[in-house]
Amino acid sequence: MSAETNSLTLDKSPVHAGETDPPIDDSGHLLLHHHFDDMAQQRECNTLMMWAFLVTEIMMFGGLFCAYAVYRWSFPHAFAIGSHHIKWFMGSVNTGVLLVSSLTMAMAVHSAALRNKKRLVTFLALTLVLGWAFIGVKGVEWTQDYYEGLVPGVQWNYYDTTVHPDHAKDVQELAKEGVSPNAVKMFMTFYFFMTGLHGFHMFIGIILVTILLVMAIKGKFTEGNDQPVELSGLYWHLIDIIWIFLFPLLYLVSGIKGSGPLW
Amino acid sequence: MNTAAIEAEVNHVPQTASIEELEFEPRHHYLNNGYGWKSWLFTVDHKRIAILYLVSITVFFFLGGLAALMMRLNLMTPYSQFIKPETYNRMFTMHGVMMVFFFLVPSIPATLGNFVLPMMLGAKDLAFPKINLLSWYLYIIGGAIALYALTMGGVDTGWTFYEPYSSMYSNGYVVLAIVGIFLAGFSSILTGLNFIITVHKMRAPGLTWFRLPIFVWSMYATSVIQVLGTPVLAITLLLVAAESILHIGIFDPKMGGDPVLFQHLFWFYSHPAVYIMVLPGMAVISELVTCFSRKPIFGYKMVCFSSIAIAVISFLVWGHHLFTSGQSPYAGILFSALSFAVAIPSAIKVFNWTSTLYKGSIRLDAPMLYTLGFIGLFVVGGLTGVYLAAIAVDVHLTDTYFVIAHFHYIMVGASVSAFLGGIHYWWPKMTGKLYPEAWARIAAMLLFIGFNLTFFPQFILGYQGMPRRYAMYAPEFQTLNIFSTAGATILALGYLLPFVYLLWSLKKGKPAGPNPWGATGLEWQTTSPPPTFNFDVVPIVRIGPYAYNPAADELEDQRLEIEEARLKYESRRELLEDQVEKDHNGNGNGNGHSGSVKDSQKRLEENERER
């Protein structure tokens, strides 16, 4: 918010020693917010805020990873079985999609810094497409899980031998160790909770990139203020990195065996 | 004429206008910068947001207090005759949730911190004014949702939401209460982030880290805890909500879950949260104890780093809530040792405050009474905390009134004293008005007496084995419970009284002037109430925060005394000279009162001699 548009500011803004003309972008918009001394301070505040916010995200996922670790420790075999139920191939594709989207996002940040509007718009659009691709693949995956009865609390009949007689083997295997099939359900719960929370963050990322794209087309970031692109990029990369941890913990936790379904 | 008087004569700067006269001059400040609800609800001024927070936390405080009063009334008799036991369960849940999440956590940071932190840094505002406003909206919406869940549905889990009761057996309003707390937690994270960035990046020129007031250091430590701890609570509560809605096993042992894991995750936030509640109290006390002792704080750097040490250690002690929950005994030993370790930075603070008092020129104004009360109550609460950190003692005292008394000494005795002390101290700055000092001293005393009468008997009750969270108890505990209830009534009066006279002072209070306490902080070097951007000119800081100098104070007092005496002499001389002149004139008229001429002449000479 600039000093001009803020209806609540005083008619007289405070005197600051060594004050120069307020910094403006190429279209003449005031870039400096009313409470900062100079652009360097404003930029540093924004950057630090984003990094600090990402720390809170890490703490939030950290609690979840911690709970996962506890149950993985308690039920290693059941988690291995659970891991075989989810679709490692689609997970791998999504990992690739997300890694490439990080590349395109990084290129978008770079293009904004170089004030190259055409490239910025292209890379943001690519990032957006890849983001939606991730959500799409995830949707297909979840739908399949639903029809297989693998969604705890919503559609769970995987070990119901009347529906799935062929799954009795797993149950017997677990029973030998004195572990109930509920432990597999626990794995699936964590699978959905973790990928769900991650997906929610992806969704927020997609909204952010959409807004960036619209504003980039209007030329907002190539006239002297590219910081929103940079900061959204940081967020996007964090979500990417969280997936890098989720993928092995969920899909590769027992190694890929032939028993796992390809799709 | 002695030398000091001459010096005073020479240095005396004639006052151009008294404070009262200045008040008539229309001056822009943050309160008259816009009127009407829009100027408040869409404000981005940290001072106005602080006022919004102050009003809303007061509402939640009285709601939580009302629940506490119901509980105390019910505990007058052993047989739960006042309310039904189910209602009692809902009351203690409401009391806990309201007081912890909607009063204590935001109390000092979001009101006093929001108001004075940017001013102490010489900044125009927090780094993110809009996020600051957003945090208030999240808080209010969260508070409304939680209040709805607690009053309409009645949540009876206690503020801790222990599993599996909360998700599997309690009613569905738990989820709604969780949503409310989740939003309030988000609000708390945003406040913390805002403070951290502001302290790092918005300091005035010359304001180095070791020139920051202790208030800022402690608030920074608090913010670190808020930022690192609250997200873990958020995810834990989300898991509880998921379990509650879908009835899937995450913490429920019947489905393979581990309820102790819930306790670990919950206390990973909620133990540091205790320090979110008390570190800001320590922040306020460090400011007050220096101002009212007229001395720089003793061991400035030690006090700074003790705040940081508390923040760090606070994350390593959560396991002391699980000594009897089936945690590994080896973990228990470690957590016990680490919990003892928190006593070290806490003791550093207490010793430094006490050393600050030593040989200070102590003024017993109301904020100082709250401060002294804080130190005493904090010592009792802290030392009983050391008892509870010892595993063997804790096993005996777990879930008894001893624990209740212990944490109320810290969270109510200490933190609320500090909050009220801070409110009184900065009230002239916030409103430009002085509160009635005599009433404030009475309220401070009432609070101290009422508090001790309420909670000291609970130490004994707990030691004798009265368990917490029951609507009924064994009849032999009744005497001490009646003491406790009687104390609660006095305590309630101690809270109501400031509410009344502070509101009164808004209308009728005397104008405060920029610095009624003669304090040295940056926030006192601007006008009261401050202008919207806090300072008309960005201050350049040359010295540390506590440039109190008792000798300079004495000199100032002396100057004022001499000045007063001089004025008195001058006015008397004028009066007497008039008299002499009048008498002379009278003589000239031939009325023959020569005696009176002599008299007045003599009195004039006496006056001269007296000088």
# chains A, B, ... in the order shown; residues from 1 in each chain; ligands from 1
>>> interface_residues(of="chain B", to="chain A", cutoff="6 Å", atoms="only C-alpha atoms", output="list in words")
Lys124, Asp125, Val227, Pro231, Val232, Ile235, Leu246, Ile248, Met255, Asp536, Val537 and Val538 of chain B
>>> residues_around(residues="Val140 in chain A", least_positions_apart="2", cutoff="12 Å", atoms="only C-alpha atoms", output="count of residues only")
18
>>> residues_around(residues="Leu250 in chain A", least_positions_apart="6", cutoff="12 Å", atoms="only C-alpha atoms", output="PyMOL selection string")
chain A and resi 65+68-69+72+79-88+91-92+187-195+243-244+256
>>> residues_around(residues="range 52-54 of chain B", least_positions_apart="2", cutoff="8 Å", atoms="only C-alpha atoms", output="PyMOL selection string")
chain B and resi 40+48-50+56-58+107+110-111+136
>>> residues_around(residues="range 205-222 of chain A", least_positions_apart="5", cutoff="12 Å", atoms="only C-alpha atoms", output="PDB file with C-alpha atoms, in the first residue's frame")
ATOM      1  CA  ASP A  25       8.705   1.704 -10.944  1.00  0.00           C
ATOM      2  CA  ASP A  26       8.680   2.330 -14.697  1.00  0.00           C
ATOM      3  CA  SER A  27       4.949   3.105 -14.707  1.00  0.00           C
ATOM      4  CA  GLY A  28       5.308   5.586 -11.900  1.00  0.00           C
ATOM      5  CA  HIS A  29       3.828   3.439  -9.121  1.00  0.00           C
ATOM      6  CA  LEU A  31       7.165   0.894  -4.654  1.00  0.00           C
ATOM      7  CA  LEU A  98       7.510 -31.404  -9.538  1.00  0.00           C
ATOM      8  CA  SER A 101       8.285 -27.357 -12.215  1.00  0.00           C
ATOM      9  CA  SER A 102      10.935 -26.174  -9.765  1.00  0.00           C
ATOM     10  CA  THR A 104      10.667 -23.633 -14.606  1.00  0.00           C
ATOM     11  CA  MET A 105       9.907 -21.630 -11.453  1.00  0.00           C
ATOM     12  CA  ALA A 108      10.713 -17.554 -14.080  1.00  0.00           C
ATOM     13  CA  VAL A 109      12.427 -15.883 -11.115  1.00  0.00           C
ATOM     14  CA  HIS A 110      15.542 -15.407 -13.211  1.00  0.00           C
ATOM     15  CA  SER A 111      13.533 -13.938 -16.117  1.00  0.00           C
ATOM     16  CA  ALA A 112      11.766 -11.505 -13.783  1.00  0.00           C
ATOM     17  CA  ALA A 113      15.121 -10.353 -12.454  1.00  0.00           C
ATOM     18  CA  LEU A 114      16.262  -9.768 -16.051  1.00  0.00           C
ATOM     19  CA  ARG A 115      12.975  -7.940 -16.759  1.00  0.00           C
ATOM     20  CA  ASN A 116      12.234 -10.306 -19.644  1.00  0.00           C
ATOM     21  CA  LYS A 117       8.452 -10.291 -19.737  1.00  0.00           C
ATOM     22  CA  LYS A 118       8.002 -12.842 -22.508  1.00  0.00           C
ATOM     23  CA  ARG A 119      10.174 -15.461 -20.846  1.00  0.00           C
ATOM     24  CA  LEU A 120       8.657 -14.720 -17.451  1.00  0.00           C
ATOM     25  CA  VAL A 121       5.139 -15.318 -18.742  1.00  0.00           C
ATOM     26  CA  THR A 122       6.232 -18.505 -20.547  1.00  0.00           C
ATOM     27  CA  PHE A 123       7.924 -20.014 -17.523  1.00  0.00           C
ATOM     28  CA  LEU A 124       5.131 -19.080 -15.147  1.00  0.00           C
ATOM     29  CA  ALA A 125       2.637 -20.698 -17.540  1.00  0.00           C
ATOM     30  CA  LEU A 126       4.804 -23.833 -17.711  1.00  0.00           C
ATOM     31  CA  THR A 127       5.002 -23.959 -13.929  1.00  0.00           C
ATOM     32  CA  LEU A 128       1.260 -23.653 -13.734  1.00  0.00           C
ATOM     33  CA  VAL A 129       0.736 -26.475 -16.222  1.00  0.00           C
ATOM     34  CA  LEU A 130       3.141 -28.726 -14.311  1.00  0.00           C
ATOM     35  CA  GLY A 131       1.450 -27.853 -11.019  1.00  0.00           C
ATOM     36  CA  TRP A 132      -1.920 -28.858 -12.413  1.00  0.00           C
ATOM     37  CA  ALA A 133      -0.350 -31.993 -13.888  1.00  0.00           C
ATOM     38  CA  PHE A 134       0.800 -32.975 -10.417  1.00  0.00           C
ATOM     39  CA  ILE A 135      -2.683 -32.436  -8.978  1.00  0.00           C
ATOM     40  CA  HIS A 198       1.059 -31.413   0.638  1.00  0.00           C
ATOM     41  CA  GLY A 199      -1.612 -31.265  -2.076  1.00  0.00           C
ATOM     42  CA  PHE A 200      -3.327 -28.435  -0.218  1.00  0.00           C
ATOM     43  CA  GLN A 227      10.222  -9.625  -5.555  1.00  0.00           C
ATOM     44  CA  PRO A 228       6.766 -11.289  -5.492  1.00  0.00           C
ATOM     45  CA  VAL A 229       8.008 -13.765  -8.118  1.00  0.00           C
ATOM     46  CA  GLU A 230      11.138 -14.484  -6.119  1.00  0.00           C
ATOM     47  CA  LEU A 231       9.228 -15.055  -2.888  1.00  0.00           C
ATOM     48  CA  SER A 232       6.555 -17.237  -4.507  1.00  0.00           C
ATOM     49  CA  GLY A 233       9.443 -19.184  -6.003  1.00  0.00           C
ATOM     50  CA  LEU A 234      10.812 -19.838  -2.522  1.00  0.00           C
ATOM     51  CA  TYR A 235       7.433 -21.190  -1.445  1.00  0.00           C
ATOM     52  CA  TRP A 236       7.157 -23.352  -4.537  1.00  0.00           C
ATOM     53  CA  HIS A 237      10.599 -24.858  -3.940  1.00  0.00           C
ATOM     54  CA  LEU A 238       9.738 -25.652  -0.326  1.00  0.00           C
ATOM     55  CA  ILE A 239       6.651 -27.576  -1.383  1.00  0.00           C
ATOM     56  CA  ASP A 240       8.839 -29.371  -3.885  1.00  0.00           C
TER      57      ASP A 240
END
>>> residues_around(residues="Glu163 in chain B", least_positions_apart="5", cutoff="7 Å", atoms="only C-alpha atoms", output="MDAnalysis selection string")
chainID B and resid 251:252 259 262
>>> residues_around(residues="range 166-175 of chain A", least_positions_apart="6", cutoff="9 Å", atoms="only C-alpha atoms", output="compact mmCIF listing (two decimals) with C-alpha atoms, in the first residue's frame")
# COMPACT_ATOMS: atom_id res chain seq x y z
CA HIS A 77 6.08 -54.72 8.21
CA ALA A 78 2.62 -53.23 8.00
CA ILE A 81 2.72 -53.77 2.97
CA TYR A 158 -9.24 -53.72 1.55
CA TYR A 159 -9.05 -56.50 4.11
CA ASP A 160 -12.68 -57.36 3.92
CA PRO A 181 -4.52 -54.97 9.61
>>> select_by_dssp(residues="range 122-236 of chain A", states="strand (DSSP E)", output="list in words")
Leu150, Val151, Gln155 and Trp156 of chain A
>>> select_by_dssp(residues="range 32-141 of chain B", states="alpha helix (DSSP H)", output="PyMOL selection string")
chain B and resi 37-41+46-74+85-97+105-106+114-120+129-141
>>> closest_residue(among="B:His321, B:Arg441, B:Lys349, B:His29", to="Pro367 in chain B", atoms="only C-alpha atoms")
B:Arg441
>>> atom_distance(atom1="CA of Leu32 in chain A", atom2="CA of Asp226 in chain A")
13.5 Å
>>> atom_distance(atom1="CA of Glu177 in chain A", atom2="CA of Glu148 in chain A")
24.8 Å
